[in-house]
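Chemist: Just upload_6.tsv, nothing more (TSV, C-alpha atoms):
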```tsv
chain	number	residue	atom	x	y	z
R	1	MET	CA	133.96	-31.84	-82.35
R	2	THR	CA	135.22	-34.24	-79.68
R	3	ALA	CA	132.35	-33.54	-77.24
R	4	ASP	CA	130.53	-36.71	-78.33
R	5	PHE	CA	133.43	-38.91	-77.25
R	6	VAL	CA	135.07	-39.95	-74.00
R	7	PHE	CA	138.77	-40.60	-73.57
R	8	HIS	CA	140.51	-42.87	-71.10
R	9	GLU	CA	143.74	-44.77	-70.52
R	10	VAL	CA	144.20	-48.53	-70.77
R	11	ARG	CA	147.43	-49.81	-69.22
R	12	ARG	CA	148.79	-53.25	-70.10
R	13	GLU	CA	149.93	-54.17	-66.59
R	14	ARG	CA	146.91	-52.75	-64.78
R	15	ASP	CA	143.99	-53.33	-67.17
R	16	THR	CA	144.74	-56.79	-68.53
R	17	GLU	CA	141.29	-57.71	-69.86
R	18	GLU	CA	140.57	-54.29	-71.28
R	19	HIS	CA	144.00	-54.13	-72.92
R	20	SER	CA	143.31	-57.48	-74.59
R	21	ALA	CA	139.93	-56.20	-75.81
R	22	VAL	CA	141.52	-53.08	-77.31
R	23	VAL	CA	144.16	-55.22	-79.05
R	24	GLY	CA	141.45	-57.51	-80.44
R	25	ALA	CA	139.50	-54.57	-81.82
R	26	LEU	CA	142.50	-52.82	-83.38
R	27	GLU	CA	143.63	-56.07	-84.98
R	28	ARG	CA	140.47	-55.97	-87.14
R	29	TRP	CA	140.63	-52.30	-88.14
R	30	CYS	CA	141.77	-50.92	-91.48
R	31	TYR	CA	145.13	-49.13	-91.34
R	32	LEU	CA	145.27	-47.80	-94.91
R	33	PRO	CA	147.40	-46.18	-96.17
R	34	TYR	CA	149.69	-47.83	-93.60
R	35	PRO	CA	150.37	-51.57	-93.38
R	36	ALA	CA	148.31	-53.39	-90.76
R	37	CYS	CA	149.76	-53.56	-87.25
R	38	SER	CA	150.22	-57.18	-86.19
R	39	ARG	CA	148.74	-58.56	-82.98
R	40	ARG	CA	152.28	-59.14	-81.70
R	41	HIS	CA	153.09	-55.44	-82.05
R	42	LEU	CA	149.76	-54.38	-80.57
R	43	GLU	CA	150.35	-56.59	-77.54
R	44	GLN	CA	153.66	-54.79	-76.95
R	45	VAL	CA	151.84	-51.51	-76.35
R	46	ASP	CA	152.15	-50.48	-72.69
R	47	LEU	CA	149.56	-47.71	-72.78
R	48	PHE	CA	146.55	-47.06	-74.98
R	49	VAL	CA	144.65	-43.79	-74.83
R	50	VAL	CA	141.26	-44.68	-76.27
R	51	ALA	CA	138.40	-42.62	-77.69
R	52	SER	CA	134.92	-44.14	-77.41
R	53	ARG	CA	131.45	-42.94	-78.30
R	54	ALA	CA	129.64	-41.41	-75.34
R	55	SER	CA	126.45	-43.34	-74.56
R	56	THR	CA	125.02	-40.66	-72.27
R	57	PRO	CA	125.00	-36.84	-72.51
R	58	ASP	CA	127.86	-36.56	-70.05
R	59	GLY	CA	129.62	-39.73	-71.20
R	60	THR	CA	129.49	-41.35	-67.75
R	61	ALA	CA	128.29	-44.74	-68.94
R	62	ALA	CA	130.91	-44.97	-71.65
R	63	ALA	CA	133.63	-43.83	-69.28
R	64	THR	CA	132.86	-46.62	-66.84
R	65	ALA	CA	131.76	-49.42	-69.12
R	66	GLY	CA	132.14	-48.53	-72.81
R	67	VAL	CA	135.27	-50.46	-73.77
R	68	LEU	CA	134.75	-53.20	-71.20
R	69	GLU	CA	131.22	-53.98	-72.43
R	70	ASP	CA	131.82	-53.82	-76.15
R	71	THR	CA	135.20	-52.51	-77.22
R	72	SER	CA	134.77	-53.30	-80.91
R	73	SER	CA	131.59	-51.21	-81.23
R	74	ALA	CA	132.31	-48.38	-78.76
R	75	MET	CA	135.91	-47.53	-79.65
R	76	VAL	CA	136.51	-45.09	-82.50
R	77	GLY	CA	140.21	-44.29	-82.09
R	78	ALA	CA	143.34	-45.08	-80.12
R	79	VAL	CA	146.95	-44.06	-79.62
R	80	GLY	CA	149.34	-46.74	-78.38
R	81	VAL	CA	152.65	-46.10	-76.61
R	82	VAL	CA	155.55	-48.45	-75.86
R	83	TRP	CA	157.83	-47.37	-73.01
R	84	VAL	CA	161.51	-47.79	-73.89
R	85	PRO	CA	163.91	-47.57	-70.90
R	86	LEU	CA	166.90	-45.29	-71.45
R	87	ALA	CA	170.28	-45.69	-69.73
R	88	PRO	CA	170.92	-45.41	-66.84
R	89	GLY	CA	167.28	-46.40	-66.34
R	90	LEU	CA	165.95	-43.24	-64.72
R	91	GLU	CA	164.12	-42.08	-67.86
R	92	VAL	CA	162.02	-43.60	-70.63
R	93	GLU	CA	161.26	-42.87	-74.24
R	94	GLY	CA	157.63	-42.97	-75.29
R	95	TYR	CA	157.50	-44.62	-78.70
R	96	ILE	CA	154.15	-43.93	-80.35
R	97	GLN	CA	153.46	-47.22	-82.08
R	98	VAL	CA	149.82	-46.77	-83.10
R	99	VAL	CA	147.73	-43.73	-84.07
R	100	LEU	CA	144.44	-44.85	-85.58
R	101	VAL	CA	140.92	-43.49	-85.98
R	102	GLN	CA	138.15	-45.31	-87.81
R	103	ALA	CA	137.62	-43.84	-91.27
R	104	THR	CA	134.03	-42.73	-90.56
R	105	TYR	CA	135.23	-40.65	-87.58
R	106	ARG	CA	138.14	-38.85	-89.23
R	107	ARG	CA	138.20	-35.05	-89.61
R	108	ARG	CA	136.66	-34.70	-86.13
R	109	HIS	CA	139.97	-33.90	-84.38
R	110	ILE	CA	139.92	-37.20	-82.47
R	111	ALA	CA	143.51	-38.13	-83.34
R	112	GLY	CA	144.75	-34.70	-82.27
R	113	GLU	CA	142.93	-34.92	-78.94
R	114	LEU	CA	144.28	-38.43	-78.31
R	115	LEU	CA	147.82	-37.28	-79.03
R	116	ARG	CA	147.49	-34.20	-76.83
R	117	ARG	CA	146.37	-36.37	-73.93
R	118	VAL	CA	149.31	-38.71	-74.44
R	119	LEU	CA	151.81	-35.88	-74.66
R	120	GLN	CA	150.56	-34.39	-71.39
R	121	LEU	CA	152.06	-37.35	-69.53
R	122	VAL	CA	155.30	-36.64	-67.69
R	123	ALA	CA	156.11	-40.18	-66.52
R	124	GLY	CA	155.63	-43.71	-67.80
R	125	GLY	CA	156.70	-47.31	-67.42
R	126	GLU	CA	156.80	-49.75	-64.51
R	127	PRO	CA	158.21	-48.46	-62.22
R	128	SER	CA	157.22	-44.98	-63.31
R	129	ARG	CA	160.08	-42.94	-64.81
R	130	ARG	CA	160.38	-39.47	-66.27
R	131	ILE	CA	159.63	-39.28	-69.99
R	132	PHE	CA	162.77	-37.98	-71.69
R	133	ARG	CA	161.36	-37.82	-75.22
R	134	TRP	CA	158.64	-39.00	-77.58
R	135	ARG	CA	159.42	-40.71	-80.88
R	136	LEU	CA	157.42	-41.95	-83.86
R	137	HIS	CA	157.58	-42.84	-87.54
R	138	THR	CA	155.19	-41.59	-90.18
R	139	MET	CA	154.83	-41.86	-93.94
R	140	VAL	CA	155.94	-38.97	-96.17
R	141	SER	CA	155.21	-37.96	-99.74
R	142	SER	CA	157.61	-39.18	-102.43
R	143	PRO	CA	157.47	-40.97	-105.79
R	144	GLN	CA	158.18	-44.24	-103.94
R	145	THR	CA	155.30	-43.60	-101.56
R	146	THR	CA	152.94	-42.88	-104.44
R	147	ALA	CA	153.96	-46.15	-106.09
R	148	TYR	CA	153.27	-47.95	-102.81
R	149	LEU	CA	149.83	-46.33	-102.51
R	150	ARG	CA	148.92	-47.42	-106.04
R	151	ARG	CA	149.68	-51.02	-105.06
R	152	VAL	CA	147.80	-51.13	-101.76
R	153	LEU	CA	144.66	-49.15	-102.59
R	154	PRO	CA	141.55	-51.25	-103.30
R	155	GLU	CA	140.98	-51.65	-107.02
R	156	ASN	CA	138.11	-49.84	-108.69
R	157	ASP	CA	136.81	-50.39	-112.22
R	158	ASP	CA	136.40	-46.64	-112.71
R	159	PRO	CA	139.82	-45.03	-113.36
R	160	ALA	CA	138.51	-41.65	-112.20
R	161	VAL	CA	137.41	-43.08	-108.85
R	162	GLN	CA	140.72	-44.90	-108.48
R	163	GLN	CA	142.63	-41.67	-109.11
R	164	GLU	CA	140.43	-39.83	-106.61
R	165	LEU	CA	141.20	-42.46	-103.95
R	166	LEU	CA	144.91	-42.14	-104.65
R	167	GLU	CA	144.82	-38.35	-104.37
R	168	GLU	CA	142.88	-38.59	-101.10
R	169	MET	CA	145.52	-40.91	-99.64
R	170	GLU	CA	148.31	-38.62	-100.88
R	171	ARG	CA	146.67	-35.66	-99.14
R	172	LEU	CA	146.41	-37.68	-95.93
R	173	VAL	CA	150.07	-38.71	-96.09
R	174	ALA	CA	151.14	-35.10	-96.67
R	175	ALA	CA	148.99	-33.77	-93.82
R	176	VAL	CA	150.05	-36.12	-91.02
R	177	PRO	CA	153.64	-34.85	-90.52
R	178	ARG	CA	152.27	-31.30	-90.28
R	179	VAL	CA	149.95	-32.40	-87.47
R	180	TYR	CA	152.93	-33.78	-85.55
R	181	GLU	CA	154.91	-30.60	-86.17
R	182	LYS	CA	152.10	-28.55	-84.62
R	183	LEU	CA	152.40	-30.80	-81.55
R	184	GLY	CA	156.09	-29.99	-81.21
R	185	PHE	CA	157.71	-32.86	-83.12
R	186	THR	CA	160.71	-32.29	-85.36
R	187	THR	CA	162.17	-34.55	-88.03
R	188	ARG	CA	165.15	-36.54	-86.81
R	189	LYS	CA	165.91	-38.46	-90.00
R	190	ASN	CA	164.46	-39.62	-93.31
R	191	ILE	CA	164.03	-43.35	-93.87
R	192	TYR	CA	163.89	-44.79	-97.38
R	193	ALA	CA	161.38	-47.60	-98.12
R	194	TYR	CA	160.30	-47.93	-94.48
R	195	TYR	CA	156.72	-49.09	-95.05
R	196	GLY	CA	156.14	-52.22	-97.08
R	197	LYS	CA	159.75	-52.00	-98.29
R	198	SER	CA	158.56	-49.18	-100.52
R	199	ALA	CA	156.93	-46.11	-98.93
R	200	ASP	CA	159.28	-43.53	-97.44
R	201	ALA	CA	159.04	-42.28	-93.86
R	202	VAL	CA	160.47	-39.83	-91.37
R	203	GLU	CA	161.40	-40.40	-87.76
R	204	MET	CA	160.15	-37.55	-85.58
R	205	VAL	CA	160.98	-36.72	-81.97
R	206	ARG	CA	159.76	-34.37	-79.24
R	207	ARG	CA	161.26	-33.69	-75.84
R	208	GLY	CA	159.19	-34.93	-72.92
```
Could you express the structure from this file as structure tokens?

Modeler:
Amino acid sequence: MTADFVFHEVRRERDTEEHSAVVGALERWCYLPYPACSRRHLEQVDLFVVASRASTPDGTAAATAGVLEDTSSAMVGAVGVVWVPLAPGLEVEGYIQVVLVQATYRRRHIAGELLRRVLQLVAGGEPSRRIFRWRLHTMVSSPQTTAYLRRVLPENDDPAVQQELLEEMERLVAAVPRVYEKLGFTTRKNIYAYYGKSADAVEMVRRG
């Protein structure tokens, strides 16, 4: 299902203009059920792995020009990583700050492919250092999370539609940690009211 897309890296230090374009596009995207990621946090990302629509059968045009020419229209998903130096400075932690796919492109395994490409990396940072571990936070199901979802979902005059939207978001929240588990992540700790001072989360880690 990912054959119609091309994937490439955008590094903050190396690809200044393209990095800024990716940040500008992601700043406008919808993050539901998660809170929006601020521009300040997006600008902290050291590495984006980006998925864009292929404009030719083999994706060559998109690979060479897609994001540079029109990031906001070509890009359909991205994973963003912040490199965190670990003492004594010979290794880094890859903190996965952003995992986002446009709603119309979900259920096409794009997020999984982006994450797999990120997790294949063995070194990161400037200067390059061995990746000791990967770390992330993600929302988990709980009564507090359901209450949060009720507050942030767009209102609908039809109660049945509103309930359907809520159940769809609850299914998404429940599914995401399982995706990370399949990629080798394990739960490090539970965090109460992590998102929006309401929704619960888990911190997950994976050895590099």

Chemist: From the set R:Ser55, R:Gly208, R:Val140, R:Ala174, which residue has the shortest atom-to-atom contact distance to Ala123 in chain R, counting only C-alpha atoms?

Modeler: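 When distances to Ala123 in chain R are compared using only C-alpha atoms, the smallest one comes from R:Gly208.
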
Chemist: Determine the nearest neighbour of Phe132 in chain R from the options R:Pro85, R:Gly112, R:Pro177, R:Gly196, counting all atoms listed in the file.

Modeler: R:Pro85

Chemist: Please, what distance in Å, to one decimal, runs between CA of Pro159 in chain R and CA of Leu172 in chain R?

Modeler: 20.0 Å

Chemist: Pick out the closest residue to Gln120 in chain R from this set: R:Arg106, R:Arg40, R:Arg150, R:Arg207. Count only C-alpha atoms.

Modeler: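 Counting only C-alpha atoms, the residue closest to Gln120 in chain R is R:Arg207.
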
Chemist: Between R:Leu183, R:Ala199, R:Ile96, R:Leu114, which is the closest to Pro143 in chain R once you count only C-alpha atoms?

Modeler: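 Selected residue with least distance to Pro143 in chain R: R:Ala199.
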
Chemist: Need the shell around range 9-25 of chain R: protein/DNA/RNA residues with any atom at most 12 Å away, counting all atoms listed in the file. Skip same-chain ones fewer than 3 positions apart. Format as a ChimeraX atom specification?

Modeler: /R:6,28-30,37-52,63-83,98,100-102,114,117-118,121,124-127

Chemist: Rounded to one decimal place, report the CA of Ala111 in chain R-CA of Ile191 in chain R distance in Å.

Modeler: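 These two atoms are separated by 23.6 Å.
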
Chemist: Which residues are close to Tyr195 in chain R, i.e. within 10 Å by all atoms listed in the file, leaving aside same-chain residues fewer than 6 positions away? Reply as a PyMOL selection string.

Modeler: chain R and resi 33-35+137-139+145+148+201

Chemist: Check the smallest atom-to-atom distance from each of R:Ala193, R:Leu32, R:Leu153, R:Val99 to Leu136 in chain R using only C-alpha atoms, then report the winner.

Modeler: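 The shortest atom-to-atom distance to Leu136 in chain R comes from R:Val99.
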
Chemist: Using only C-alpha atoms, which protein or nucleic acid residues come within 6 Å of Trp134 in chain R? Drop anything in the same chain fewer than 4 positions from it, and give the result as an mmCIF file with C-alpha atoms, in the frame of the given file.

Modeler:
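File produced: around.cif:
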```cif
data_model
loop_
_atom_site.group_PDB
_atom_site.id
_atom_site.type_symbol
_atom_site.label_atom_id
_atom_site.label_comp_id
_atom_site.auth_asym_id
_atom_site.auth_seq_id
_atom_site.Cartn_x
_atom_site.Cartn_y
_atom_site.Cartn_z
ATOM 1 C CA GLU R 93 161.260 -42.870 -74.240
ATOM 2 C CA GLY R 94 157.630 -42.970 -75.290
ATOM 3 C CA TYR R 95 157.500 -44.620 -78.700
ATOM 4 C CA VAL R 205 160.980 -36.720 -81.970
ATOM 5 C CA ARG R 206 159.760 -34.370 -79.240
#
```

Chemist: How far is it from CA of Leu86 in chain R to CA of Thr187 in chain R, in Å with one decimal?

Modeler: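 Going from CA of Leu86 in chain R over to CA of Thr187 in chain R, I get 20.3 Å.
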
Chemist: If you take every atom of range 5-23 of chain R that the file lists and fit an axis-aligned box around them with 3 Å extra on each side, what centre and edge lengths come out in Å to one decimal, as AutoDock Vina command-line options?

Modeler:
```
--center_x 141.7 --center_y -48.3 --center_z -71.9 --size_x 22.5 --size_y 24.8 --size_z 20.3
```

Chemist: Using only C-alpha atoms, which protein or nucleic acid residues come within 10 Å of Gly89 in chain R? Drop anything in the same chain fewer than 5 positions from it, and give the result as number ranges by chain.

Modeler: R: 84, 129-130

Chemist: Skip Thr146 in chain R itself and residues of its chain fewer than 2 positions away, then list as a short mmCIF file (atom, residue, chain, number, x, y, z; two decimals) with C-alpha atoms, in the coordinates of the input all residues within 10 Å of it, counting only C-alpha atoms.

Modeler:
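Dumped everything to around36.cif:
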```cif
data_model
loop_
_atom_site.label_atom_id
_atom_site.label_comp_id
_atom_site.auth_asym_id
_atom_site.auth_seq_id
_atom_site.Cartn_x
_atom_site.Cartn_y
_atom_site.Cartn_z
CA VAL R 140 155.94 -38.97 -96.17
CA SER R 141 155.21 -37.96 -99.74
CA SER R 142 157.61 -39.18 -102.43
CA PRO R 143 157.47 -40.97 -105.79
CA GLN R 144 158.18 -44.24 -103.94
CA TYR R 148 153.27 -47.95 -102.81
CA LEU R 149 149.83 -46.33 -102.51
CA ARG R 150 148.92 -47.42 -106.04
CA ARG R 151 149.68 -51.02 -105.06
CA LEU R 166 144.91 -42.14 -104.65
CA GLU R 167 144.82 -38.35 -104.37
CA MET R 169 145.52 -40.91 -99.64
CA GLU R 170 148.31 -38.62 -100.88
CA VAL R 173 150.07 -38.71 -96.09
CA SER R 198 158.56 -49.18 -100.52
CA ALA R 199 156.93 -46.11 -98.93
CA ASP R 200 159.28 -43.53 -97.44
#
```
